[in-house]
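For reference, run.txt (compact mmCIF, C-alpha atoms):
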```txt
# COMPACT_ATOMS: atom_id res chain seq x y z
CA MET A 113 46.71 -12.09 -10.44
CA GLN A 114 47.61 -15.78 -10.35
CA ILE A 115 46.96 -17.48 -7.01
CA GLU A 116 48.74 -20.41 -5.49
CA ASN A 117 47.20 -23.86 -6.12
CA ALA A 118 44.92 -22.57 -8.88
CA PRO A 119 42.15 -25.02 -9.86
CA THR A 120 43.09 -27.08 -12.91
CA LEU A 121 41.76 -30.04 -14.86
CA THR A 122 44.22 -32.40 -16.57
CA LEU A 123 43.03 -34.87 -19.19
CA LYS A 124 45.38 -37.88 -19.23
CA PRO A 125 45.46 -40.13 -22.29
CA PRO A 126 44.60 -43.82 -21.80
CA ASP A 127 47.44 -46.17 -20.85
CA ALA A 128 47.74 -49.81 -21.81
CA GLY A 129 44.60 -51.47 -20.45
CA SER A 130 43.33 -48.34 -18.58
CA PRO A 131 40.75 -45.82 -19.83
CA GLN A 132 41.24 -42.10 -20.21
CA SER A 133 41.16 -40.16 -16.93
CA VAL A 134 40.56 -36.61 -15.68
CA VAL A 135 42.68 -35.40 -12.77
CA ALA A 136 41.65 -32.30 -10.76
CA ASN A 137 44.33 -30.34 -8.91
CA GLY A 138 44.60 -27.18 -6.84
CA THR A 139 42.10 -25.33 -4.70
CA TRP A 140 38.48 -25.71 -5.78
CA GLN A 141 36.95 -23.04 -3.57
CA VAL A 142 34.89 -20.03 -4.49
CA HIS A 143 37.70 -17.47 -3.99
CA ALA A 144 40.04 -19.46 -6.24
CA LEU A 145 37.42 -20.12 -8.90
CA ALA A 146 36.59 -16.41 -9.11
CA GLN A 147 40.16 -15.37 -9.93
CA CYS A 148 41.03 -14.32 -13.50
CA GLY A 149 38.04 -16.03 -15.10
CA ALA A 150 39.04 -19.50 -13.91
CA ILE A 151 35.43 -20.60 -13.49
CA LYS A 152 34.63 -19.77 -17.13
CA THR A 153 37.57 -21.84 -18.44
CA ILE A 154 36.82 -24.79 -16.15
CA ASN A 155 33.11 -24.77 -17.07
CA ALA A 156 34.02 -24.90 -20.74
CA THR A 157 36.28 -27.91 -20.08
CA LEU A 158 33.62 -29.69 -18.01
CA VAL A 159 31.00 -29.15 -20.73
CA SER A 160 33.32 -30.73 -23.30
CA LEU A 161 33.65 -33.83 -21.10
CA LYS A 162 29.92 -34.37 -20.59
CA ASP A 163 29.51 -36.85 -23.45
CA LYS A 164 32.33 -39.14 -22.27
CA PRO A 165 30.82 -41.52 -19.66
CA ALA A 166 33.81 -43.86 -19.70
CA LEU A 167 36.17 -41.32 -18.11
CA VAL A 168 37.88 -41.96 -14.79
CA TRP A 169 37.50 -38.94 -12.49
CA ASP A 170 40.29 -38.51 -9.95
CA LEU A 171 39.66 -35.79 -7.35
CA THR A 172 42.11 -37.03 -4.74
CA GLN A 173 44.72 -34.44 -5.79
CA ILE A 174 42.49 -31.47 -4.87
CA VAL A 175 43.96 -29.47 -1.99
CA ARG A 176 40.71 -27.86 -0.77
CA LEU A 177 37.16 -28.31 -2.02
CA ASP A 178 34.01 -26.43 -1.00
CA HIS A 179 30.36 -26.77 -1.97
CA ILE A 180 30.69 -24.47 -5.02
CA GLY A 181 33.46 -26.54 -6.56
CA ALA A 182 31.70 -29.81 -5.76
CA GLN A 183 28.49 -28.52 -7.34
CA MET A 184 30.38 -27.75 -10.56
CA PHE A 185 31.51 -31.36 -10.78
CA TRP A 186 28.01 -32.58 -9.89
CA ASN A 187 26.40 -30.54 -12.66
CA ALA A 188 29.00 -31.74 -15.18
CA TRP A 189 28.23 -35.36 -14.23
CA GLY A 190 24.53 -34.88 -14.95
CA LYS A 191 23.63 -34.81 -11.23
CA LYS A 192 24.75 -38.40 -10.67
CA ARG A 193 28.07 -40.07 -9.82
CA PRO A 194 30.15 -41.33 -12.73
CA ASP A 195 30.87 -45.05 -12.94
CA GLN A 196 34.56 -44.55 -12.10
CA LEU A 197 35.20 -41.92 -9.43
CA GLN A 198 38.08 -41.55 -7.00
CA LEU A 199 37.46 -39.34 -3.95
CA ALA A 200 39.26 -38.49 -0.74
CA GLU A 201 37.56 -39.29 2.55
CA LYS A 202 36.41 -35.71 3.24
CA GLN A 203 35.18 -35.30 -0.33
CA GLU A 204 32.99 -38.39 0.02
CA GLU A 205 30.97 -36.73 2.77
CA LEU A 206 30.53 -33.52 0.75
CA PHE A 207 29.29 -35.31 -2.37
CA LYS A 208 27.01 -37.48 -0.27
CA ARG A 209 25.25 -34.37 1.06
CA ILE A 210 24.85 -32.99 -2.46
CA GLU A 211 23.47 -36.32 -3.65
CA GLU A 212 20.93 -36.48 -0.83
CA ALA A 213 19.86 -32.88 -1.39
CA GLY A 214 19.24 -33.60 -5.07
CA LYS A 215 16.76 -36.34 -4.19
CA LEU A 216 14.53 -34.03 -2.18
CA GLN A 217 11.22 -33.30 -3.86
CA LEU A 218 8.64 -30.78 -2.77
CA PRO A 219 5.24 -32.30 -2.07
CA ARG A 220 2.81 -31.82 -4.90
CA THR A 221 0.11 -29.35 -3.98
CA ARG A 222 -3.39 -30.28 -4.94
CA GLU A 223 -5.72 -27.44 -5.79
CA SER A 224 -9.19 -27.88 -4.43
CA ARG A 225 -12.20 -27.04 -6.53
CA PHE A 226 -13.63 -25.19 -3.54
CA ASN A 227 -10.78 -22.68 -3.19
CA TRP A 228 -13.07 -19.88 -4.38
CA VAL A 229 -15.56 -20.78 -1.64
CA MET A 230 -12.81 -20.58 0.99
CA THR A 231 -11.59 -17.26 -0.42
CA LEU A 232 -15.11 -15.84 -0.42
CA GLY A 233 -15.71 -17.07 3.13
CA ALA A 234 -12.45 -15.57 4.37
CA GLY A 235 -13.31 -12.27 2.71
CA MET A 236 -16.76 -12.20 4.32
CA LEU A 237 -15.34 -13.03 7.74
CA ASN A 238 -12.77 -10.25 7.34
CA PHE A 239 -15.52 -7.82 6.31
CA PHE A 240 -17.71 -8.69 9.31
CA GLU A 241 -14.67 -8.42 11.60
CA HIS A 242 -13.94 -4.91 10.32
CA THR A 243 -17.64 -3.99 10.62
CA GLN A 244 -17.77 -5.18 14.21
CA GLY A 245 -14.61 -3.26 15.11
CA PHE A 246 -15.92 -0.12 13.39
CA ILE A 247 -19.25 -0.25 15.25
CA ARG A 248 -17.39 -0.78 18.53
CA LEU A 249 -15.22 2.26 17.71
CA ILE A 250 -18.32 4.39 17.06
CA GLY A 251 -19.77 3.35 20.43
CA GLN A 252 -16.52 4.21 22.16
CA VAL A 253 -16.42 7.66 20.52
CA VAL A 254 -20.03 8.35 21.55
CA GLN A 255 -19.18 7.48 25.15
CA ASP A 256 -16.06 9.67 25.05
CA ILE A 257 -18.04 12.61 23.63
CA GLY A 258 -20.59 12.18 26.44
CA ARG A 259 -17.75 12.24 28.97
CA PHE A 260 -16.34 15.34 27.25
CA ILE A 261 -19.72 17.11 27.51
CA ARG A 262 -20.13 16.20 31.19
CA HIS A 263 -16.61 17.30 32.13
CA PRO A 264 -15.54 19.96 29.61
CA MET A 265 -12.88 21.49 31.86
CA THR A 266 -10.80 18.30 31.83
CA GLY A 267 -11.36 17.60 28.13
CA PRO A 268 -8.61 17.34 25.49
CA TRP A 269 -9.04 20.89 24.16
CA ARG A 270 -5.42 21.17 23.08
CA GLU A 271 -5.64 17.96 21.02
CA VAL A 272 -8.87 19.16 19.36
CA SER A 273 -7.30 22.52 18.53
CA ALA A 274 -4.16 20.90 17.12
CA ASN A 275 -6.18 18.54 14.93
CA ILE A 276 -8.33 21.41 13.63
CA PHE A 277 -5.14 23.22 12.67
CA HIS A 278 -3.54 20.22 10.94
CA SER A 279 -6.66 18.83 9.26
CA GLY A 280 -8.45 22.08 8.52
CA PHE A 281 -6.23 25.13 8.30
CA GLN A 282 -3.31 23.41 6.60
CA ALA A 283 -5.69 21.97 3.97
CA LEU A 284 -6.93 25.39 2.83
CA GLY A 285 -4.29 25.71 0.12
CA ILE A 286 -4.86 22.44 -1.70
CA THR A 287 -8.66 22.65 -1.44
CA ALA A 288 -8.63 26.22 -2.78
CA LEU A 289 -6.45 25.28 -5.76
CA VAL A 290 -8.40 22.17 -6.70
CA GLY A 291 -11.77 23.86 -6.10
CA PHE A 292 -10.85 26.83 -8.28
CA LEU A 293 -9.67 24.60 -11.13
CA ILE A 294 -12.77 22.38 -10.92
CA GLY A 295 -14.94 25.51 -11.09
CA VAL A 296 -13.09 26.73 -14.17
CA VAL A 297 -13.38 23.38 -15.94
CA LEU A 298 -17.07 22.88 -15.06
CA SER A 299 -17.99 26.42 -16.08
CA TYR A 300 -16.06 26.20 -19.34
CA LEU A 301 -17.62 22.89 -20.42
CA SER A 302 -21.13 23.94 -19.35
CA ALA A 303 -20.84 27.26 -21.17
CA GLN A 304 -19.99 25.52 -24.44
CA GLN A 305 -23.14 23.40 -24.26
CA LEU A 306 -25.43 26.20 -23.05
CA ARG A 307 -24.31 28.52 -25.84
CA MET A 308 -25.60 26.04 -28.41
CA PHE A 309 -29.14 26.29 -26.96
CA GLY A 310 -29.08 29.97 -25.98
CA GLY A 311 -29.21 29.20 -22.26
CA ASP A 312 -26.24 31.27 -21.09
CA MET A 313 -28.13 32.61 -18.08
CA TYR A 314 -28.58 29.11 -16.65
CA LEU A 315 -24.87 28.68 -16.09
CA VAL A 316 -25.30 30.12 -12.59
CA ASN A 317 -27.94 27.50 -11.78
CA ILE A 318 -25.78 24.62 -12.98
CA LEU A 319 -22.66 25.81 -11.18
CA GLY A 320 -24.48 26.71 -7.97
CA MET A 321 -26.38 23.45 -7.62
CA SER A 322 -23.54 21.14 -8.66
CA VAL A 323 -20.85 22.84 -6.58
CA ILE A 324 -22.75 23.70 -3.40
CA ARG A 325 -24.81 20.51 -3.18
CA GLU A 326 -22.46 17.84 -4.57
CA LEU A 327 -19.00 18.74 -5.85
CA GLY A 328 -17.92 21.01 -3.00
CA PRO A 329 -18.51 18.57 -0.10
CA LEU A 330 -17.38 15.53 -2.09
CA LEU A 331 -14.22 17.20 -3.40
CA ALA A 332 -13.23 18.52 0.03
CA ALA A 333 -13.87 15.09 1.61
CA ILE A 334 -11.76 13.23 -0.95
CA LEU A 335 -8.87 15.67 -0.51
CA VAL A 336 -9.08 15.47 3.28
CA ALA A 337 -9.30 11.67 3.16
CA GLY A 338 -6.13 11.49 1.07
CA ARG A 339 -4.29 14.15 3.04
CA SER A 340 -5.45 14.06 6.67
CA GLY A 341 -6.85 10.51 6.72
CA SER A 342 -3.54 9.00 5.72
CA SER A 343 -1.78 11.22 8.26
CA ILE A 344 -4.06 10.01 11.09
CA THR A 345 -3.55 6.34 10.18
CA ALA A 346 0.20 6.75 9.87
CA GLN A 347 0.40 8.62 13.19
CA LEU A 348 -1.45 5.87 15.08
CA GLY A 349 0.53 3.21 13.22
CA VAL A 350 3.86 4.75 14.19
CA MET A 351 2.67 4.96 17.78
CA ARG A 352 1.91 1.24 17.58
CA VAL A 353 5.34 0.48 16.12
CA THR A 354 7.14 2.56 18.76
CA GLU A 355 4.91 1.08 21.53
CA GLU A 356 3.58 4.50 22.56
CA LEU A 357 0.02 3.14 22.58
CA ASP A 358 1.04 0.44 25.05
CA ALA A 359 2.79 3.03 27.20
CA MET A 360 -0.40 5.12 27.29
CA LEU A 361 -2.39 2.13 28.53
CA VAL A 362 0.20 1.47 31.23
CA MET A 363 -0.10 5.12 32.34
CA GLY A 364 -3.90 4.82 32.44
CA ILE A 365 -4.51 7.16 29.47
CA SER A 366 -7.44 6.19 27.26
CA HIS A 367 -6.71 5.91 23.51
CA GLY A 368 -10.25 6.88 22.65
CA TYR A 369 -10.46 9.96 24.83
CA ARG A 370 -7.01 11.39 24.01
CA LEU A 371 -6.42 10.23 20.43
CA ILE A 372 -9.59 9.20 18.61
CA MET A 373 -12.31 11.49 19.95
CA PRO A 374 -10.29 14.74 19.39
CA LYS A 375 -9.70 13.76 15.76
CA VAL A 376 -13.40 13.00 15.18
CA VAL A 377 -14.51 16.26 16.80
CA ALA A 378 -11.85 18.27 14.94
CA LEU A 379 -12.85 16.93 11.52
CA ALA A 380 -16.55 17.36 12.33
CA ILE A 381 -15.81 21.06 12.98
CA SER A 382 -13.28 21.76 10.23
CA MET A 383 -14.91 19.84 7.36
CA PRO A 384 -18.01 22.13 7.04
CA LEU A 385 -15.69 25.13 7.02
CA LEU A 386 -13.57 23.48 4.33
CA VAL A 387 -16.74 22.78 2.35
CA VAL A 388 -17.69 26.49 2.47
CA TRP A 389 -14.14 27.42 1.46
CA THR A 390 -14.06 24.91 -1.41
CA ASP A 391 -17.49 26.03 -2.62
CA ALA A 392 -16.35 29.68 -2.64
CA MET A 393 -13.17 28.88 -4.58
CA ALA A 394 -15.07 26.75 -7.11
CA LEU A 395 -17.66 29.46 -7.65
CA ILE A 396 -14.93 32.09 -8.10
CA GLY A 397 -13.30 29.85 -10.71
CA GLY A 398 -16.68 29.45 -12.39
CA MET A 399 -17.20 33.22 -12.40
CA VAL A 400 -13.82 33.81 -14.00
CA SER A 401 -14.51 31.22 -16.70
CA ALA A 402 -18.05 32.57 -17.27
CA LYS A 403 -16.65 36.08 -17.73
CA VAL A 404 -14.15 34.87 -20.32
CA GLU A 405 -16.42 32.41 -22.15
CA LEU A 406 -19.90 34.01 -21.94
CA ASN A 407 -19.05 37.57 -20.84
CA LEU A 408 -21.18 37.18 -17.70
CA SER A 409 -20.17 39.75 -15.10
CA ALA A 410 -19.33 38.79 -11.54
CA ARG A 411 -22.09 41.15 -10.31
CA TYR A 412 -24.74 39.29 -12.30
CA PHE A 413 -23.33 35.98 -11.08
CA LEU A 414 -23.54 36.99 -7.41
CA GLN A 415 -27.02 38.50 -7.77
CA LYS A 416 -28.38 35.41 -9.50
CA LEU A 417 -26.78 32.82 -7.20
CA PRO A 418 -29.11 33.16 -4.13
CA ASP A 419 -32.21 32.76 -6.32
CA ALA A 420 -30.72 29.85 -8.28
CA VAL A 421 -29.72 27.82 -5.22
CA PRO A 422 -32.27 27.39 -2.40
CA LEU A 423 -31.06 27.68 1.19
CA SER A 424 -31.67 23.97 1.86
CA ASN A 425 -28.82 23.10 -0.50
CA TYR A 426 -26.36 25.05 1.65
CA ILE A 427 -27.60 23.19 4.73
CA ILE A 428 -27.30 19.82 2.96
CA GLY A 429 -23.74 20.69 1.92
CA LEU A 430 -22.76 21.59 5.49
CA LEU A 431 -24.44 18.45 6.84
CA LYS A 432 -22.51 16.38 4.31
CA GLY A 433 -19.28 18.05 5.39
CA THR A 434 -19.83 17.16 9.06
CA THR A 435 -20.81 13.57 8.25
CA PHE A 436 -17.92 13.06 5.83
CA GLY A 437 -15.43 14.48 8.35
CA MET A 438 -16.57 12.13 11.11
CA LEU A 439 -16.52 9.11 8.76
CA ILE A 440 -13.00 9.92 7.54
CA ALA A 441 -11.71 10.27 11.12
CA LEU A 442 -13.39 7.04 12.25
CA VAL A 443 -12.14 4.99 9.29
CA SER A 444 -8.61 6.38 9.63
CA CYS A 445 -8.48 5.67 13.37
CA HIS A 446 -9.97 2.20 12.84
CA PHE A 447 -7.19 1.14 10.47
CA GLY A 448 -4.54 3.00 12.45
CA LEU A 449 -5.32 1.02 15.62
CA ARG A 450 -5.24 -2.28 13.68
CA ILE A 451 -1.70 -1.77 12.37
CA LYS A 452 0.76 -4.35 13.62
CA PRO A 453 4.20 -3.30 14.95
CA ASN A 454 6.08 -3.64 11.64
CA THR A 455 6.73 -1.30 8.72
CA GLU A 456 5.02 -3.51 6.13
CA SER A 457 1.73 -3.41 8.03
CA LEU A 458 2.11 0.36 8.40
CA GLY A 459 2.32 0.95 4.65
CA ARG A 460 -0.46 -1.50 3.82
CA GLY A 461 -2.73 -0.12 6.55
CA THR A 462 -2.27 3.49 5.41
CA THR A 463 -3.10 2.60 1.80
CA THR A 464 -6.17 0.60 2.83
CA SER A 465 -7.31 3.42 5.09
CA VAL A 466 -7.26 6.03 2.32
CA VAL A 467 -9.04 3.78 -0.19
CA THR A 468 -11.70 2.75 2.35
CA ALA A 469 -12.27 6.33 3.53
CA ILE A 470 -12.84 7.57 -0.04
CA THR A 471 -15.17 4.63 -0.73
CA VAL A 472 -17.17 5.27 2.45
CA VAL A 473 -17.46 8.97 1.58
CA ILE A 474 -18.84 8.16 -1.88
CA LEU A 475 -21.29 5.65 -0.39
CA ALA A 476 -22.43 8.22 2.17
CA ASP A 477 -22.88 10.78 -0.62
CA ALA A 478 -25.10 8.30 -2.49
CA VAL A 479 -27.18 7.81 0.67
CA PHE A 480 -27.56 11.60 1.02
CA ALA A 481 -28.65 11.83 -2.62
CA ILE A 482 -31.36 9.20 -2.04
CA ILE A 483 -32.61 10.63 1.27
CA PHE A 484 -32.72 14.27 0.10
CA SER A 485 -33.75 13.57 -3.49
CA GLY A 486 -36.86 15.73 -3.15
CA VAL A 487 -35.29 18.57 -1.15
CA GLY A 488 -33.75 21.77 -2.46
CA PHE A 489 -35.18 21.92 -5.99
```

For the file at hand, write its structure as structure tokens.
Amino acid sequence: MQIENAPTLTLKPPDAGSPQSVVANGTWQVHALAQCGAIKTINATLVSLKDKPALVWDLTQIVRLDHIGAQMFWNAWGKKRPDQLQLAEKQEELFKRIEEAGKLQLPRTRESRFNWVMTLGAGMLNFFEHTQGFIRLIGQVVQDIGRFIRHPMTGPWREVSANIFHSGFQALGITALVGFLIGVVLSYLSAQQLRMFGGDMYLVNILGMSVIRELGPLLAAILVAGRSGSSITAQLGVMRVTEELDAMLVMGISHGYRLIMPKVVALAISMPLLVVWTDAMALIGGMVSAKVELNLSARYFLQKLPDAVPLSNYIIGLLKGTTFGMLIALVSCHFGLRIKPNTESLGRGTTTSVVTAITVVILADAVFAIIFSGVGF
């Protein structure tokens, strides 16, 4: 569709004693330039006139001119005014602004040779800040648990029960599936190696020790950290975004006693139970694989298991479950309370919480391995 006062460029031949000139007519605004490919045709014409510095540019016939049209001329002129230019009064002001903007230069940034020192220092300060906040959170939880023990009738029993349901009962499905599959894989790979040396009967020892002492608690903790830990951080973060935490403080309700302590207690109770459940599913998967691969009956497997795994290993596994559950809850609450009231901080805080919780669980497992290195064998 052709519009009225379409932008045009007219190249006039030189007269007697006057050089060749370019006359612009019409409306040089963005809505006119976008019609019917006008901007493509005009750009091609302007490019063909770049190598002709002796031209006289006459823009006084333009009806309306905006910044887009003026910028097209400015680019065609090589970002400087031509020697012979005729402008209207209003156009002079527009081109003056473009000319001044083109002279602006960003200050040159100088990179210091000690940037790595500053980065390292900032990282250490951030680490010590998180450590201080985490220790303060542990102290607050200990005080809240003491208050809970002294006044059990007024304690947050409903919050503890709800967190046990969400963090423990609802995690039974995923822990059972993953535990069963890990048991199948571990039993299958171990059976292949034991068959080569005629040690089929030791499959029960390998599965029992590895699952009950290490894999069961660690696997359950990693799954709970990814599932329930992220949920705790996101819940507290959303409460920060919606200003529910501030409203609780105004009402005189303690964050620690009503939000943090119930989650720590709930995970301390549900994690050992999840460890027992995960161990059972992993051992069942191992029994199924042992029956298929080595033809070991489930009866032999169950009879041999108590003798192959001393009782202290069960206790260590349950102790790991309680410790891992409390660490996951504390780390998740720590990062949840530090979330700022914006969605970007919520996503970043949840991701950092899950990664930190899994890392802390693995570090705690290494500490358990060192402390109890001579127990249970």

Need to verify the contact set: Tyr426 of chain A, 8 Å, only C-alpha atoms, exclusion of same-chain residues closer than 4 positions in sequence. Can you return it as a PyMOL selection string? chain A and resi 324-325+422+430

Emit as lines of an AutoDock Vina configuration file the padded axis-aligned box for all listed atoms of segment 301-307 of chain A, 5 Å per side, with centre and edge lengths in Å to one decimal.
```
center_x = -21.5
center_y = 25.7
center_z = -22.6
size_x = 17.8
size_y = 15.6
size_z = 16.5
```

Work out how far atom CA of Leu379 of chain A is from atom CA of Phe260 of chain A, in Å to one decimal.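 Atom CA of Phe260 of chain A sits 16.2 Å away from atom CA of Leu379 of chain A.
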
Would you compute the distance between atom CA of Val388 of chain A and atom CA of Leu301 of chain A? Give it in Å to one decimal. 23.2 Å

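For the atom pair formed by atom CA of Ile334 of chain A and atom CA of His367 of chain A, the distance is 26.0 Å, given to one decimal.
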
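Nearest residue to Gly291 of chain A among A:Asp419, A:Asp391, A:Asp178, A:Asp477 is A:Asp391, counting only C-alpha atoms.
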
Taking 2 positions as the minimum chain separation for residues in the same chain, which residues sit within 10 Å of Val487 of chain A when counting only C-alpha atoms? Answer as a PyMOL selection string. chain A and resi 422+424-425+428+481+483-485+489

Which polymer residues have any atom within 8 Å of an atom of segment 130-139 of chain A, counting all atoms listed in the file, with same-chain residues fewer than 5 positions away left out, as a ChimeraX atom specification? /A:117-125,144,166-177

Selection near Gly267 of chain A, 12 Å with all atoms listed in the file, sequence-local residues under 6 positions removed, as a count of residues only: 13

Can you work out which one of A:Leu423, A:Ala188, A:Ile482, A:Met321 has the shortest atom-to-atom distance to Val159 of chain A, counting only C-alpha atoms? A:Ala188

Find, counting all atoms listed in the file, the residue in A:Gly320, A:Gly280, A:Gly338, A:Gly349 that gets nearest to Ile381 of chain A.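 Of the candidates, the smallest distance to Ile381 of chain A is held by A:Gly280.
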
Non-local contacts of Val296 of chain A (10 Å; all atoms listed in the file; under 3 positions in same chain excluded) as a PDB file with C-alpha atoms, in the coordinates of the input:
```pdb
ATOM      1  CA  VAL A 290      -8.400  22.170  -6.700  1.00  0.00           C
ATOM      2  CA  GLY A 291     -11.770  23.860  -6.100  1.00  0.00           C
ATOM      3  CA  PHE A 292     -10.850  26.830  -8.280  1.00  0.00           C
ATOM      4  CA  LEU A 293      -9.670  24.600 -11.130  1.00  0.00           C
ATOM      5  CA  SER A 299     -17.990  26.420 -16.080  1.00  0.00           C
ATOM      6  CA  TYR A 300     -16.060  26.200 -19.340  1.00  0.00           C
ATOM      7  CA  LEU A 301     -17.620  22.890 -20.420  1.00  0.00           C
ATOM      8  CA  SER A 302     -21.130  23.940 -19.350  1.00  0.00           C
ATOM      9  CA  MET A 393     -13.170  28.880  -4.580  1.00  0.00           C
ATOM     10  CA  ALA A 394     -15.070  26.750  -7.110  1.00  0.00           C
ATOM     11  CA  LEU A 395     -17.660  29.460  -7.650  1.00  0.00           C
ATOM     12  CA  ILE A 396     -14.930  32.090  -8.100  1.00  0.00           C
ATOM     13  CA  GLY A 397     -13.300  29.850 -10.710  1.00  0.00           C
ATOM     14  CA  GLY A 398     -16.680  29.450 -12.390  1.00  0.00           C
ATOM     15  CA  MET A 399     -17.200  33.220 -12.400  1.00  0.00           C
ATOM     16  CA  VAL A 400     -13.820  33.810 -14.000  1.00  0.00           C
ATOM     17  CA  SER A 401     -14.510  31.220 -16.700  1.00  0.00           C
ATOM     18  CA  ALA A 402     -18.050  32.570 -17.270  1.00  0.00           C
TER      19      ALA A 402
END
```

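Minimum atom-to-atom distance to Gly433 of chain A, evaluated using all atoms listed in the file, belongs to A:Glu326 out of A:Glu326, A:Glu223, A:Glu355, A:Glu405.
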
Nearest residue to Thr354 of chain A out of A:Ile286, A:Leu385, A:Ala420, A:Leu458, using all atoms listed in the file? A:Leu458

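Between Glu456 of chain A and the residues A:Pro126, A:Gln304, A:Val350, A:Ile180, the shortest atom-to-atom distance, using all atoms listed in the file, involves A:Val350.
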